[in-house]
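S.K.: Below: one structure in structure tokens.
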Amino acid sequence: MIIFKGPDVEQKILEQKTVEQRSGEFEQRLEKLKGLRAAGVEPYPNDFKPGTTAGAVSGEFSSLSKEELAANPRTVSVAGRIMAHRDFGKASFVRIQDRSGSIQAYIKKDILGDAAFNVFRLCDVGDIIGVEGPLFRTRTDELTIEAKNLRLLSKGLSPLPEKWHGLKDVEARYRQRYLDLMVNPEVKDVFLKRSRIVRFIREFLVSRDYIEVETPMLHPIAGGAAAKPFKTRHNALDMDMYMRIAPELYLKRLIVAGLERVFEINRNFRNEGVSTQHNPEFTMLEFYEAYATFEDLINLTEEMISKLVLELCGSMKIAYQRTEIDFTPPWTRISVKDAILKYSNASGDIFTNKEKAMQFAQGLGLQIPKELSHGKVITEIFEKTAEHMFIQPTFCTHYPIEVSPLARKNAQNPEIVDRFELLVMGKEIANAFSELNDPVDQKERFLKQQEERAHGDLEAHEMDEDYVRALEYGMPPTAGQGIGIDRLVMLLTDSPSIRDVILFPALRR
RNA sequence: GAGGCGCUAGCUCAGUCGGUAGAGCAUCUGCCUUUUAAGCAGGUGGCCCCGGGUUCGAGUCCCGGGCGCCUCACCA
């Protein structure tokens with residue numbers, strides 16, 4: 001980190017020939033910086049306050065003609081980064097970009113005066129400037145600020161990526177996301193949409209009397225999901241801790257507490273592979289509602305997401321990687337069992353006979369260890385044969401109990417639970433169930449998970465005695481749901497990789 | 001973790017059979033007071049990702065390594 005304190009330091013940087021190879025342009029800009037200071041111009045002042053934004057100007061005055069602007073001048077001031085520069089010697093056009101968009105400014109020596117014009121001559125593409133002056137329209141009818149005043153607000157030393165091609169190198173785009181956002185407008189659009197998505201969900205739940213809470217990210221026990229945690233250490237407490245893999249068990253403690261409707265939008269951390277679908281830290285929405293069942297959440301989800309899609313995209317139909325997806329409710333509902341029967345030639349007895357299920361799974365080419373439970377075999381079969389078939393929004397319901405240790409048993413069939421996953425483009429977008437609130441049953445399920453850990457399943461849920469203790473005080477019948485925000489954003493922004501919707505995705509080094 | 005592809009100027013990219021490192025944009029100098037990737041003329045700029053090897057000679061061929069992307073496996 002280099003801190004600029006004044007000319008001495010700048011001279012030192014110029015003289016540095018070690019460590020980092022600087023471009024020639026970096027040195028040229030440093031020389032300009034020195035020239036500015038020599039002329040008594042502070043290159044990093046903080047006393048300029050823009051009166052408006054580029055976007056507001058173009059919006060507000062878009063209808064005014066050249067003649068109207070000339071007859072009745074409107075003076076504005078904006079600040080932003082110079083993104084383009086067309087120089088005519090004693091006059092120049094610059095494109096100034098701020099958070100709202102961009103606007104052109106005309107810098108004319110006669111109008112600006114010698115002193116400010118000399119400052120401008122030391123400005124480059126990438127510098128931040130403030131401009132004030134009346135609006136006019138050029139010969140080509142472009143709304144333009146005629147600079148009467150101009151201030152350099154921040155001198156840039158490193159040159160920007162090229163104006164026409166932008167920054168394409170994927171690695172540079174992720175590592176230097178600030179450049180990506182600066183020069184590639186469509187990237188900024190994705191993150192603006194991400195912000196709108198999160199805000200919509202937050203407002204939707206708040207309007208239904210939910211409260212937003214924050215529960216620990218550092219857990220003594222990594223519970224609430226089947227995943228490998230990151231391990232860390234608290235020095236003062238002298239104890240190992242885990243970055244949370246899910247907030248579920250804490251949120252349900254709050255249901256026990258009587259908060260009845262809670263949600264949290266926050267990061268989960270899973271120490272697993274990185275891919276176009278997986279980042280080690282990702283954002284999860286979880287919400288829990290007392291006196292609701294998983295079927296109530298099906299309705300809620302259908303309403304929330306379809307309204308979100310309509311508001312965000314202006315239509316219930318969107319394209320994801322050239323496939324049309326129609327979010328118009330109601331969405332298909334199908335049980336795991338029916339899905340397998342529909343999309344494979346399995347016979348009904350694989351659901352009652354584990355051996356038949358094993359045989360069938362092996363016939364599909366699945367490598368199934370002998371000790372795998374019947375329910376896990378069924379789940380494997382489902383994922384192999386059916387899951388990827390659900391391109392349009394589909395609720396897949398009633399998963400096997402062995403893969404759902406926190407979910408309530410189905411009243412008719414104790415082999416399955418009252419749970420659904422929302423699948424779109426063959427991928428899981430949401431996972432929800434009626435919560436298990438029977439403390440004795442919950443304890444047994446944890447014990448079963450412990451057995452599986454002992455048999456080498458490192459992702460089996462850990463026993464959480466305090467969570468069971470909470471249930472022993474009585475939890476109202478409740479339904480809860482998790483939605484992977486990153487994947488939802490991918491879907492709604494037509495992004496093929498999760499890295500495209502995470503500002504700073506995990507990279508090596 | 002396995003396989004495939006990539007890494008050359010600040011950015012986007014060429015680089016033939018192994019023979020002195022190229023273009024456009026940016027930058028610098030000059031001209032130009034309504035341009036739209038402004039224009040014209042002339043310049044500067046390189047650890048060809050790193051390290052070995054083969055060769056008279058390697059950006060190019062071989063081996064090892066780094067980083068990234070894609071596919072697969074695990075996972076949400």
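Labeling convention for the structure tokens: chains A, B, ... as they appear, residues from 1 per chain, ligands from 1 in order of appearance.
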Fewer than 2 positions away in the same chain doesn't count, so skip those; otherwise give me all residues within 7 Å of segment 16-24 of chain B, counting only C-alpha atoms (C1' of nucleotides), as a PyMOL selection string.

M.R.: chain B and resi 57-58+60

S.K.: Using the chain letters and numbers from this document, which residues of segment 246-355 of chain A does DSSP assign to helix (DSSP H, G or I), as an NGL selection string?

M.R.: :A and (248-257 or 294-313 or 336-343 or 348-351 or 354-355)

S.K.: Compute the set of chain B residues within 7 Å of chain A, using only C-alpha atoms (C1' of nucleotides), and express it as an MDAnalysis selection string.

M.R.: chainID B and resid 10:12 25:27 32:35 37:38 45 68 74:76

S.K.: Kindly indicate which residue among A:Ala290, A:Val489, A:Ala454, A:Ala116 lies nearest to Ala257 of chain A, using only C-alpha atoms for the distances.

M.R.: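 The answer is A:Ala290, which sits nearest to Ala257 of chain A.
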
S.K.: I'd like the neighbourhood of Gln481 of chain A as a VMD selection string, where a residue qualifies if any of its atoms comes within 10 Å (using only C-alpha atoms (C1' of nucleotides)), though same-chain residues fewer than 2 positions away should be ignored.

M.R.: chain A and resid 248 263 285 to 289 294 297 to 298 301 419 to 421 430 to 435 479 483

S.K.: Counting only C-alpha atoms (C1' of nucleotides), what is within 9 Å of U8 of chain B, bar same-chain residues fewer than 3 positions away, as an MDAnalysis selection string?

M.R.: chainID B and resid 15 21 46 48 59

S.K.: Let's see if you can do this: from backbone DSSP, list all strand (DSSP E) residues in segment 93-137 of chain A, as a list in words.

M.R.: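 Strand (DSSP E) assignments inside segment 93-137 of chain A correspond to Phe93, Val94, Arg95, Ile96, Gln97, Asp98, Gly101, Ser102, Ile103, Gln104, Ala105, Tyr106, Ile107, Lys108, Ile128, Ile129, Gly130, Val131, Glu132, Gly133, Pro134, Leu135, Phe136 and Arg137 of chain A.
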
S.K.: Take atom CA of Ile340 of chain A and atom CA of Ile381 of chain A and report the distance between them in Å, one decimal.

M.R.: 7.3 Å
